[in-house]
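J.: Could you have a look at this structure, given as structure tokens, before my questions?
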Amino acid sequence: MKTRYLSLMLLLSTFLFGAKADSSIWGTNLLTHILEYDKEGSLHMGHWFTVIQSTYVKPVLLFVLTVIPLAFIVHYALVGPKRFSHKGKSIMMFPLFKRINHGVAAISFMIIIPTGIIMIFGSTFGGGTFVRLCKDAHAIAAPLFFLSVIPMLITWFSRMLFNLKDDIRWLKIAGGYLSKEKKPVPAGMFNMGQKIYFWIVTLGGLVMIATSVVLYFVDLEIIAPVLEYYSISQIDMLRISALTHNIIGIVIISMFMVHIYMSVFAIEGAYKSMINGKMHEEEVKILHSSYYKELQEKGEI
Amino acid sequence: MGEYARMNFFCDERRCIKCDGCSVACAEAHELPDYISRRKVITMHEGIENMEYSLSIACMHCTDAPCQQVCPVDCFYIREDGIVLHDKDKCIGCAYCLYACPFGAPQFPLDGAFGTKGVMDKCTMCAGGPEETNSHAERELYGQNRISEGKVPVCAAMCSTKALLVGDSASISDIYRERVLSAGHGVTKQPYGWDVAYGNKK
């Protein structure tokens, strides 16, 4: 049993690390990479990586990091936060498992997002040990996110499916966040905004994990047959992964900022429902009116 | 060397005999670990008659170095003579330079966190790095600084057929032009061999 286990582990580790011995980046494939560079029919990924990485990534992230908070300040000043009575009955929204699940994902995001931003603006931080430590923390927190994203995808899947009747109406009134009125908003357990965020973070997050594995191990042997099938060279795969990782990363950062603003500022004290799992009746009645009706029909209220 | 001269590598593919001496000399001179190869010899059109030739490649010290453009920590700098160097104290080992490089020049030692990508290492054209010239720290991090001593980079210095040339473009093209013009001049057949030592017997 022990030997079988050991040999299995050895086999698995050779898949990941065995490639080091005969690198597909610096080894025999180096030549094909050079021949493919800007040749007719090549993907031109070297060129695209250089152009996008050198001219767009930093300014776009800087734009996201300044314009979105500015929009929040304007919204907070003009419309202000939504306040709900915390006196009435409270409804259990998130059982313990989902809260822990959400907590693990939150911790991993708290590490991954700031360290990612620091790496993109590495020159501002002067590079060296500090940025290198951020890079390591980024890599250490990634498995934590992977651990939380799978159960999250499974347990919330059915509630996150789009319900066109409510969701389109929700989009039309922008979730009611542009008015001070407290009118019932068409939304189930999760509104359209939450659904969009969920799908971007889970599916996008899985893409982030896949690309990060490619980038982390450089010579990933297990994807070699797939690359061969589509005749993509390993170096082009690395370039595609780095670009995808950065673009989806910026999308997730902007969505994450909205998520934080909604839970902490836009709806006063909304984050508390992710700590104790409870949401007050008035909040559910207005922000998740369809879910409230559903509970009433079931006779749970 | 003119005012705007930039240092270049040039490999004369008609002379390169694929002896791999340049990469061995480089690895020995800079005491590189065995998985780092700053210089490599590659063969183009391998097995195709009259098309096959070999070349020695390393960092080509590009004028518009893409590695420098994509580096998130700006660790690259280009010397006035065009040599592209980098600061290993700033480098975080993200490998973006490798993705941008058309020649696969950036190398990564397996000594970073969890034994993956460490700090980048590449050909310095034997010009060291940002540390004090010819200091112990520079020697440890970047290898020999032969340029500061007025020596030719070790790969070009030891090239047995002088296929690998290094210098400013004007001098390189002068040498190459001379080679092209004098190739085969006044020689009708290969003159020397064991059977015809000291010319024709008859």
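Within each chain, counting starts at residue 1; across the structure tokens, chains are named A, B, ... in the order shown, with ligands numbered 1 upward in that order.
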Provide as a VMD selection string the residues of chain A at most 7 Å from chain B, counting only C-alpha atoms.

T.: chain A and resid 26 30 to 31 34 37 46 49 to 50 53 to 54 119 to 123 126 to 128 131 to 132 136 217 235 238 to 239

J.: Could those selected residues go to a file with N, CA, C and O atoms, as a tab-separated table (two decimals), in the first residue's frame?

T.:
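The new file selection02.tsv reads:
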```tsv
chain	number	residue	atom	x	y	z
A	26	TRP	N	13.59	26.16	-22.86
A	26	TRP	CA	14.98	26.41	-23.23
A	26	TRP	C	15.63	25.22	-23.93
A	26	TRP	O	16.74	25.30	-24.39
A	30	LEU	N	13.16	25.33	-28.17
A	30	LEU	CA	13.57	26.74	-28.28
A	30	LEU	C	13.57	27.18	-29.74
A	30	LEU	O	13.12	28.26	-30.09
A	31	LEU	N	14.07	26.28	-30.58
A	31	LEU	CA	14.20	26.60	-31.99
A	31	LEU	C	12.85	26.89	-32.63
A	31	LEU	O	12.69	27.89	-33.33
A	34	ILE	N	11.61	30.26	-31.76
A	34	ILE	CA	12.24	31.36	-32.49
A	34	ILE	C	11.70	31.41	-33.92
A	34	ILE	O	11.39	32.48	-34.43
A	37	TYR	N	8.39	33.06	-34.24
A	37	TYR	CA	8.29	34.46	-33.86
A	37	TYR	C	7.97	35.33	-35.07
A	37	TYR	O	8.80	35.48	-35.98
A	46	GLY	N	4.18	36.89	-28.86
A	46	GLY	CA	5.30	37.64	-28.29
A	46	GLY	C	5.06	39.13	-28.47
A	46	GLY	O	5.20	39.93	-27.54
A	49	PHE	N	1.90	40.21	-26.37
A	49	PHE	CA	2.22	40.27	-24.94
A	49	PHE	C	2.99	41.54	-24.63
A	49	PHE	O	2.67	42.26	-23.70
A	50	THR	N	4.02	41.82	-25.47
A	50	THR	CA	4.86	43.00	-25.22
A	50	THR	C	4.04	44.28	-25.30
A	50	THR	O	4.12	45.14	-24.42
A	53	GLN	N	1.23	44.32	-22.38
A	53	GLN	CA	1.82	44.40	-21.05
A	53	GLN	C	2.52	45.74	-20.83
A	53	GLN	O	2.43	46.32	-19.76
A	54	SER	N	3.19	46.24	-21.88
A	54	SER	CA	3.99	47.45	-21.66
A	54	SER	C	3.16	48.72	-21.73
A	54	SER	O	3.51	49.70	-21.11
A	119	MET	N	2.30	43.82	-7.38
A	119	MET	CA	3.19	43.28	-8.42
A	119	MET	C	3.06	44.04	-9.73
A	119	MET	O	4.06	44.29	-10.39
A	120	ILE	N	1.80	44.41	-10.10
A	120	ILE	CA	1.62	45.16	-11.36
A	120	ILE	C	2.30	46.52	-11.25
A	120	ILE	O	2.96	46.97	-12.18
A	121	PHE	N	2.20	47.15	-10.07
A	121	PHE	CA	2.89	48.44	-9.88
A	121	PHE	C	4.23	48.22	-9.19
A	121	PHE	O	4.65	49.03	-8.37
A	122	GLY	N	4.90	47.11	-9.53
A	122	GLY	CA	6.15	46.73	-8.87
A	122	GLY	C	7.21	47.82	-8.87
A	122	GLY	O	7.91	48.00	-7.87
A	123	SER	N	7.30	48.57	-9.99
A	123	SER	CA	8.35	49.59	-10.06
A	123	SER	C	8.10	50.71	-9.06
A	123	SER	O	9.05	51.30	-8.53
A	126	GLY	N	9.51	49.75	-5.96
A	126	GLY	CA	10.96	49.57	-6.02
A	126	GLY	C	11.44	48.15	-6.23
A	126	GLY	O	12.64	47.89	-6.17
A	127	GLY	N	10.53	47.23	-6.43
A	127	GLY	CA	10.94	45.84	-6.66
A	127	GLY	C	11.65	45.26	-5.44
A	127	GLY	O	11.46	45.73	-4.33
A	128	GLY	N	12.48	44.25	-5.69
A	128	GLY	CA	13.28	43.68	-4.62
A	128	GLY	C	12.50	42.83	-3.65
A	128	GLY	O	11.44	42.30	-3.97
A	131	VAL	N	8.47	43.21	-2.98
A	131	VAL	CA	7.60	42.74	-4.08
A	131	VAL	C	7.75	41.22	-4.24
A	131	VAL	O	6.78	40.52	-4.53
A	132	ARG	N	8.97	40.71	-4.01
A	132	ARG	CA	9.20	39.27	-4.10
A	132	ARG	C	8.37	38.54	-3.03
A	132	ARG	O	7.78	37.49	-3.31
A	136	ASP	N	5.33	35.76	-3.44
A	136	ASP	CA	5.21	34.49	-2.73
A	136	ASP	C	3.87	34.38	-2.01
A	136	ASP	O	3.21	33.34	-2.04
A	217	PHE	N	4.57	26.91	-12.97
A	217	PHE	CA	5.46	25.78	-13.23
A	217	PHE	C	6.24	25.90	-14.54
A	217	PHE	O	7.04	25.02	-14.85
A	235	ILE	N	5.75	28.43	-25.04
A	235	ILE	CA	6.02	29.84	-24.73
A	235	ILE	C	4.80	30.69	-25.08
A	235	ILE	O	4.46	31.62	-24.34
A	238	LEU	N	2.35	30.36	-22.32
A	238	LEU	CA	2.72	31.21	-21.18
A	238	LEU	C	2.28	32.65	-21.44
A	238	LEU	O	1.76	33.32	-20.54
A	239	ARG	N	2.50	33.11	-22.67
A	239	ARG	CA	2.10	34.49	-23.00
A	239	ARG	C	0.59	34.66	-22.91
A	239	ARG	O	0.10	35.63	-22.33
```

J.: If DSSP is run on the backbone, what residues of segment 58-274 of chain A are strand (DSSP E or B)? A reply as a ChimeraX atom specification would be ideal.

T.: /A:82,90-92,267

J.: Output N, CA and C atoms of each residue in that selection to a file, as a PDB file, in the first residue's frame.

T.:
```pdb
ATOM      1  N   LYS A  82     -28.268  52.937   1.872  1.00  0.00           N
ATOM      2  CA  LYS A  82     -29.614  52.453   2.194  1.00  0.00           C
ATOM      3  C   LYS A  82     -29.600  51.966   3.642  1.00  0.00           C
ATOM      4  N   SER A  90     -35.432  38.623  12.117  1.00  0.00           N
ATOM      5  CA  SER A  90     -34.373  38.421  11.139  1.00  0.00           C
ATOM      6  C   SER A  90     -34.524  37.042  10.507  1.00  0.00           C
ATOM      7  N   ILE A  91     -34.104  36.960   9.266  1.00  0.00           N
ATOM      8  CA  ILE A  91     -34.255  35.718   8.497  1.00  0.00           C
ATOM      9  C   ILE A  91     -32.877  35.119   8.287  1.00  0.00           C
ATOM     10  N   MET A  92     -32.773  33.801   8.495  1.00  0.00           N
ATOM     11  CA  MET A  92     -31.488  33.117   8.288  1.00  0.00           C
ATOM     12  C   MET A  92     -31.226  33.012   6.782  1.00  0.00           C
ATOM     13  N   ILE A 267     -25.207  49.613   1.410  1.00  0.00           N
ATOM     14  CA  ILE A 267     -26.292  49.118   2.251  1.00  0.00           C
ATOM     15  C   ILE A 267     -25.704  49.019   3.649  1.00  0.00           C
TER      16      ILE A 267
END
```

J.: Can you work out the spacing between atom CA of Met208 of chain A and atom CA of His245 of chain A in Å, to one decimal?

T.: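 It comes out at 5.6 Å.
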